[in-house]
$ cat data-v4.txt   # compact mmCIF, C-alpha atoms
# COMPACT_ATOMS: atom_id res chain seq x y z
CA MET A 1 -80.54 -1.57 13.95
CA GLU A 2 -80.45 -0.98 17.67
CA GLN A 3 -81.13 2.68 18.43
CA GLU A 4 -79.64 2.39 21.93
CA LYS A 5 -76.32 1.08 20.57
CA ILE A 6 -76.12 3.90 18.04
CA LYS A 7 -77.03 6.48 20.69
CA ASP A 8 -74.21 5.14 22.87
CA LEU A 9 -71.76 5.49 19.95
CA VAL A 10 -72.92 9.08 19.36
CA GLU A 11 -72.59 9.94 23.06
CA GLU A 12 -69.11 8.37 23.09
CA ALA A 13 -68.07 10.59 20.17
CA LEU A 14 -69.64 13.68 21.75
CA ALA A 15 -67.83 13.06 25.06
CA SER A 16 -64.57 14.37 23.58
CA ASN A 17 -66.13 17.79 22.85
CA ASP A 18 -68.27 19.26 25.67
CA SER A 19 -69.72 21.98 23.43
CA LEU A 20 -71.54 19.43 21.22
CA TYR A 21 -74.84 17.75 22.03
CA LEU A 22 -77.31 15.38 20.40
CA ILE A 23 -80.53 16.92 19.07
CA ASP A 24 -82.12 13.97 17.30
CA LEU A 25 -81.43 10.38 16.34
CA SER A 26 -83.65 8.42 13.99
CA ILE A 27 -83.44 5.11 12.19
CA SER A 28 -85.81 4.49 9.30
CA ALA A 29 -87.26 1.12 8.34
CA ASN A 30 -84.63 0.73 5.60
CA ASN A 31 -81.78 1.34 8.11
CA LYS A 32 -81.07 4.97 7.26
CA ILE A 33 -79.47 6.39 10.39
CA GLN A 34 -79.82 10.15 10.78
CA VAL A 35 -77.97 11.89 13.60
CA VAL A 36 -78.50 15.61 14.25
CA VAL A 37 -75.97 17.33 16.52
CA ASP A 38 -75.55 20.95 17.55
CA GLY A 39 -72.91 22.88 19.42
CA ASP A 40 -72.70 25.90 21.66
CA GLN A 41 -70.46 27.60 19.06
CA GLY A 42 -71.75 25.72 16.03
CA VAL A 43 -70.48 22.42 14.63
CA PRO A 44 -67.52 22.31 12.25
CA LEU A 45 -67.64 19.80 9.40
CA SER A 46 -64.64 18.00 10.91
CA GLU A 47 -66.73 17.16 14.01
CA CYS A 48 -69.55 15.71 11.88
CA ILE A 49 -66.97 13.55 10.09
CA ARG A 50 -65.41 12.44 13.39
CA ILE A 51 -68.82 11.46 14.83
CA SER A 52 -69.72 9.65 11.62
CA LYS A 53 -66.45 7.69 11.66
CA ASN A 54 -67.00 6.70 15.30
CA ILE A 55 -70.44 5.29 14.48
CA ASP A 56 -69.47 3.69 11.18
CA GLY A 57 -66.29 2.15 12.57
CA ASN A 58 -68.20 0.40 15.36
CA LEU A 59 -71.01 -1.09 13.27
CA ASP A 60 -70.63 -4.11 11.00
CA ARG A 61 -71.98 -3.56 7.48
CA GLU A 62 -71.59 -7.29 6.82
CA GLU A 63 -74.05 -8.00 9.62
CA GLU A 64 -76.57 -5.33 8.67
CA ASP A 65 -76.41 -2.79 5.83
CA PHE A 66 -77.16 0.84 6.65
CA SER A 67 -76.71 4.41 5.47
CA LEU A 68 -75.48 7.07 7.85
CA GLU A 69 -75.98 10.83 7.88
CA VAL A 70 -74.56 13.12 10.58
CA THR A 71 -75.87 16.67 10.23
CA THR A 72 -76.53 19.88 12.11
CA PRO A 73 -80.01 21.35 12.50
CA ASP A 74 -80.94 23.69 9.70
CA ILE A 75 -82.55 27.05 10.27
CA ALA A 76 -86.01 25.80 9.26
CA HIS A 77 -86.17 23.34 12.14
CA PRO A 78 -87.53 24.47 15.50
CA LEU A 79 -85.37 24.70 18.60
CA LYS A 80 -85.67 21.54 20.70
CA MET A 81 -83.27 21.92 23.61
CA LYS A 82 -82.58 24.57 26.23
CA ARG A 83 -78.95 24.78 25.10
CA GLN A 84 -80.14 25.91 21.68
CA TYR A 85 -81.93 28.88 23.25
CA LEU A 86 -78.72 29.92 25.05
CA LYS A 87 -76.86 29.77 21.76
CA ASN A 88 -79.43 32.08 20.12
CA ILE A 89 -79.55 34.91 22.68
CA ASN A 90 -79.82 38.29 20.89
CA ARG A 91 -81.40 36.69 17.84
CA ILE A 92 -84.99 37.15 16.73
CA LEU A 93 -87.26 34.18 17.47
CA LYS A 94 -90.75 33.31 16.33
CA VAL A 95 -92.39 31.50 19.23
CA LYS A 96 -95.77 29.77 19.21
CA THR A 97 -97.67 28.86 22.35
CA ALA A 98 -101.10 27.23 22.54
CA GLU A 99 -102.78 30.65 22.67
CA GLU A 100 -100.47 33.17 20.97
CA GLU A 101 -97.54 33.81 18.67
CA PHE A 102 -94.65 36.11 19.58
CA GLU A 103 -91.79 37.50 17.56
CA GLY A 104 -89.00 39.23 19.40
CA THR A 105 -85.37 39.28 20.37
CA LEU A 106 -84.38 36.51 22.76
CA THR A 107 -82.79 38.43 25.63
CA ASP A 108 -82.48 35.67 28.23
CA ALA A 109 -82.76 31.91 28.56
CA THR A 110 -82.75 30.38 32.03
CA GLU A 111 -83.28 26.85 33.28
CA ASP A 112 -87.07 27.36 33.31
CA ASN A 113 -87.97 30.05 30.78
CA ILE A 114 -87.03 32.47 28.02
CA VAL A 115 -87.50 36.23 27.72
CA LEU A 116 -88.44 37.94 24.45
CA GLN A 117 -88.44 41.69 23.81
CA TRP A 118 -89.80 43.70 20.89
CA LYS A 119 -91.08 47.18 20.06
CA ALA A 120 -94.72 47.86 19.21
CA ARG A 121 -96.71 50.90 18.14
CA GLU A 122 -99.70 51.54 20.40
CA PRO A 123 -102.23 54.35 20.66
CA LYS A 124 -101.25 57.12 23.07
CA PRO A 125 -103.03 56.88 26.42
CA ILE A 126 -104.23 60.46 25.99
CA GLY A 127 -104.77 62.23 22.67
CA LYS A 128 -104.29 61.14 19.09
CA GLY A 129 -101.42 59.28 17.53
CA LYS A 130 -99.26 56.35 18.47
CA VAL A 131 -96.24 55.81 20.64
CA THR A 132 -93.51 53.15 20.41
CA VAL A 133 -93.36 50.95 23.49
CA LYS A 134 -91.00 48.16 24.48
CA LYS A 135 -92.79 44.88 25.17
CA THR A 136 -91.43 41.92 27.11
CA VAL A 137 -92.79 38.44 27.64
CA THR A 138 -91.43 35.61 29.76
CA LEU A 139 -92.39 32.12 28.56
CA GLU A 140 -91.79 28.83 30.31
CA TYR A 141 -90.36 26.08 28.10
CA LYS A 142 -93.43 23.91 28.74
CA GLU A 143 -95.63 26.66 27.22
CA ILE A 144 -93.65 26.75 23.97
CA LYS A 145 -95.12 24.66 21.17
CA GLU A 146 -92.54 25.78 18.59
CA ALA A 147 -89.68 28.26 18.44
CA LYS A 148 -87.68 29.11 15.33
CA VAL A 149 -84.85 31.53 14.69
CA LYS A 150 -85.85 34.22 12.21
CA ILE A 151 -83.22 35.10 9.65
CA VAL A 152 -83.01 38.82 8.90
CA PHE A 153 -81.30 39.96 5.70

$ encode --input "data-v4.txt" --output "structure tokens"
Amino acid sequence: MEQEKIKDLVEEALASNDSLYLIDLSISANNKIQVVVDGDQGVPLSECIRISKNIDGNLDREEEDFSLEVTTPDIAHPLKMKRQYLKNINRILKVKTAEEEFEGTLTDATEDNIVLQWKAREPKPIGKGKVTVKKTVTLEYKEIKEAKVKIVF
């Protein structure tokens, strides 16, 4: 299987819906094609079917047998693209960098970085007891080793 040909077919299918984008494309040794797409407002099942039909209809199973799976990223998978951060503004993220881990609400995502905010209890500067303070950190994308959305029930 030619990965470039399949990627072109995926991009062709995605061109008709600007809110969708490719997250991952893999082809295993036994020709299992897995396509992971996401969207700015989510991805309806009908779009996964449409993308699948576009790929399947342009490949010849007589020439080379394959299996095809078009999915959306599940919540356990880390965020990979900047557009995914934009989609998750106001959600709680767990972010790992080389040195630290942060958990906070994603308040902003720009071209270069993200901003997380959370509340922490810290000792009062003077006297006994603790006070709740609002913390903020700005992280560049290149610093982020892994970022996952935290589901709160």

$ residues_around --input "data-v4.txt" --residues "Lys94 in chain A" --least-positions-apart "6" --cutoff "8 Å" --atoms "only C-alpha atoms" --output "mmCIF file with C-alpha atoms, in the coordinates of the input"
data_model
loop_
_atom_site.group_PDB
_atom_site.id
_atom_site.type_symbol
_atom_site.label_atom_id
_atom_site.label_comp_id
_atom_site.auth_asym_id
_atom_site.auth_seq_id
_atom_site.Cartn_x
_atom_site.Cartn_y
_atom_site.Cartn_z
ATOM 1 C CA GLU A 101 -97.540 33.810 18.670
ATOM 2 C CA PHE A 102 -94.650 36.110 19.580
ATOM 3 C CA GLU A 103 -91.790 37.500 17.560
ATOM 4 C CA GLY A 104 -89.000 39.230 19.400
ATOM 5 C CA ALA A 147 -89.680 28.260 18.440
ATOM 6 C CA LYS A 148 -87.680 29.110 15.330
ATOM 7 C CA VAL A 149 -84.850 31.530 14.690
ATOM 8 C CA LYS A 150 -85.850 34.220 12.210
#

$ atom_distance --input "data-v4.txt" --atom1 "CA of Thr110 in chain A" --atom2 "CA of Gln34 in chain A"
29.5 Å

$ atom_distance --input "data-v4.txt" --atom1 "CA of Ile6 in chain A" --atom2 "CA of Glu62 in chain A"
16.5 Å

$ residues_around --input "data-v4.txt" --residues "range 66-79 of chain A" --least-positions-apart "6" --cutoff "9 Å" --atoms "all atoms listed in the file" --output "PyMOL selection string"
chain A and resi 1+23+30-39+42-43+45+48-49+51-52+55-56+85+146-151

$ atom_distance --input "data-v4.txt" --atom1 "CA of Asn90 in chain A" --atom2 "CA of Asp108 in chain A"
8.2 Å

$ closest_residue --input "data-v4.txt" --among "A:Ala109, A:Val152, A:Ile126, A:Ile92" --to "Leu139 in chain A" --atoms "only C-alpha atoms"
A:Ala109

$ closest_residue --input "data-v4.txt" --among "A:Ile144, A:Thr138, A:Leu14, A:Lys5" --to "Lys80 in chain A" --atoms "all atoms listed in the file"
A:Ile144

$ closest_residue --input "data-v4.txt" --among "A:Glu2, A:Asp60, A:Asp112, A:Glu122" --to "Ser26 in chain A" --atoms "all atoms listed in the file"
A:Glu2

$ residues_near_point --input "data-v4.txt" --point "(-78.2, 26.0, 23.1)" --cutoff "9 Å" --atoms "all atoms listed in the file" --output "list in words"
Tyr21, Asp38, Gly39, Asp40, Gln41, Leu79, Met81, Lys82, Arg83, Gln84, Tyr85, Leu86, Lys87 and Asn88 of chain A

$ residues_around --input "data-v4.txt" --residues "range 131-137 of chain A" --least-positions-apart "2" --cutoff "10 Å" --atoms "only C-alpha atoms" --output "list of chain:residue names"
A:Phe102, A:Gly104, A:Thr105, A:Leu106, A:Thr107, A:Ile114, A:Val115, A:Leu116, A:Gln117, A:Trp118, A:Lys119, A:Ala120, A:Arg121, A:Glu122, A:Pro123, A:Lys124, A:Pro125, A:Lys128, A:Gly129, A:Leu139

$ closest_residue --input "data-v4.txt" --among "A:Thr97, A:Gln3, A:Ser16, A:Asn113" --to "Glu47 in chain A" --atoms "only C-alpha atoms"
A:Ser16

$ closest_residue --input "data-v4.txt" --among "A:Glu143, A:Leu9, A:Glu4, A:Gly127" --to "Lys53 in chain A" --atoms "all atoms listed in the file"
A:Leu9

$ decode --input "data-v4.txt" --residues "range 31-129 of chain A" --atoms "C-alpha atoms" --output "short mmCIF file (atom, residue, chain, number, x, y, z; two decimals), in the first residue's frame"
data_model
loop_
_atom_site.label_atom_id
_atom_site.label_comp_id
_atom_site.auth_asym_id
_atom_site.auth_seq_id
_atom_site.Cartn_x
_atom_site.Cartn_y
_atom_site.Cartn_z
CA ASN A 31 -2.41 -3.73 4.93
CA LYS A 32 -4.67 -2.52 7.72
CA ILE A 33 -5.25 1.15 6.95
CA GLN A 34 -6.16 3.28 9.96
CA VAL A 35 -7.19 6.89 9.43
CA VAL A 36 -7.83 9.18 12.41
CA VAL A 37 -9.64 12.45 11.69
CA ASP A 38 -10.88 15.20 13.99
CA GLY A 39 -13.03 18.26 13.52
CA ASP A 40 -13.39 21.69 15.03
CA GLN A 41 -16.94 20.79 16.11
CA GLY A 42 -16.42 17.03 16.33
CA VAL A 43 -16.86 14.47 13.56
CA PRO A 44 -20.27 12.99 12.78
CA LEU A 45 -20.43 9.30 11.84
CA SER A 46 -21.66 10.29 8.37
CA GLU A 47 -18.34 12.07 7.71
CA CYS A 48 -16.32 9.00 8.74
CA ILE A 49 -18.44 6.93 6.33
CA ARG A 50 -17.98 9.48 3.53
CA ILE A 51 -14.18 9.53 4.00
CA SER A 52 -14.09 5.74 4.13
CA LYS A 53 -16.09 5.45 0.90
CA ASN A 54 -13.79 7.93 -0.85
CA ILE A 55 -10.73 5.86 0.08
CA ASP A 56 -12.32 2.46 -0.55
CA GLY A 57 -13.84 3.50 -3.86
CA ASN A 58 -10.47 4.62 -5.23
CA LEU A 59 -8.43 1.56 -4.25
CA ASP A 60 -8.58 -1.78 -6.05
CA ARG A 61 -9.09 -4.75 -3.72
CA GLU A 62 -8.34 -7.09 -6.63
CA GLU A 63 -4.88 -5.56 -6.90
CA GLU A 64 -4.12 -5.54 -3.19
CA ASP A 65 -6.34 -6.65 -0.29
CA PHE A 66 -6.69 -4.31 2.68
CA SER A 67 -8.85 -3.45 5.67
CA LEU A 68 -9.87 0.14 6.33
CA GLU A 69 -10.80 1.93 9.54
CA VAL A 70 -11.72 5.63 9.70
CA THR A 71 -12.05 6.83 13.28
CA THR A 72 -11.90 9.88 15.51
CA PRO A 73 -9.36 10.25 18.31
CA ASP A 74 -10.58 8.86 21.59
CA ILE A 75 -10.22 10.68 24.87
CA ALA A 76 -7.28 8.52 25.99
CA HIS A 77 -5.08 9.70 23.14
CA PRO A 78 -2.97 12.84 23.58
CA LEU A 79 -3.60 16.00 21.59
CA LYS A 80 -1.34 16.15 18.53
CA MET A 81 -2.29 19.27 16.61
CA LYS A 82 -2.76 22.94 17.45
CA ARG A 83 -6.34 22.81 16.15
CA GLN A 84 -7.16 20.24 18.83
CA TYR A 85 -6.10 22.68 21.54
CA LEU A 86 -8.42 25.35 20.11
CA LYS A 87 -11.27 22.87 20.17
CA ASN A 88 -10.63 22.12 23.86
CA ILE A 89 -10.51 25.66 25.28
CA ASN A 90 -12.24 25.78 28.69
CA ARG A 91 -11.58 22.08 29.29
CA ILE A 92 -9.20 20.67 31.86
CA LEU A 93 -5.92 19.36 30.42
CA LYS A 94 -3.15 17.28 31.91
CA VAL A 95 0.07 18.51 30.32
CA LYS A 96 3.51 16.96 30.68
CA THR A 97 6.72 18.79 29.86
CA ALA A 98 10.26 17.46 30.26
CA GLU A 99 10.48 18.94 33.77
CA GLU A 100 6.94 19.21 35.16
CA GLU A 101 3.31 18.17 34.96
CA PHE A 102 0.43 20.65 34.99
CA GLU A 103 -3.30 20.19 35.32
CA GLY A 104 -5.51 23.15 34.63
CA THR A 105 -8.17 24.73 32.48
CA LEU A 106 -7.01 25.57 28.98
CA THR A 107 -7.87 29.27 28.70
CA ASP A 108 -6.07 30.15 25.47
CA ALA A 109 -4.32 28.51 22.54
CA THR A 110 -2.36 30.69 20.14
CA GLU A 111 -0.12 29.89 17.19
CA ASP A 112 2.88 29.42 19.51
CA ASN A 113 1.62 28.43 22.96
CA ILE A 114 -1.18 27.48 25.34
CA VAL A 115 -2.27 29.01 28.65
CA LEU A 116 -3.44 26.90 31.60
CA GLN A 117 -5.07 28.22 34.77
CA TRP A 118 -5.85 26.48 38.06
CA LYS A 119 -6.38 27.25 41.74
CA ALA A 120 -3.94 26.14 44.42
CA ARG A 121 -3.81 26.35 48.20
CA GLU A 122 -0.62 27.98 49.45
CA PRO A 123 0.59 29.10 52.87
CA LYS A 124 -0.25 32.70 53.73
CA PRO A 125 2.70 35.06 53.30
CA ILE A 126 2.22 36.23 56.89
CA GLY A 127 0.67 34.19 59.70
CA LYS A 128 -0.80 30.72 59.82
CA GLY A 129 -3.16 29.06 57.42
#
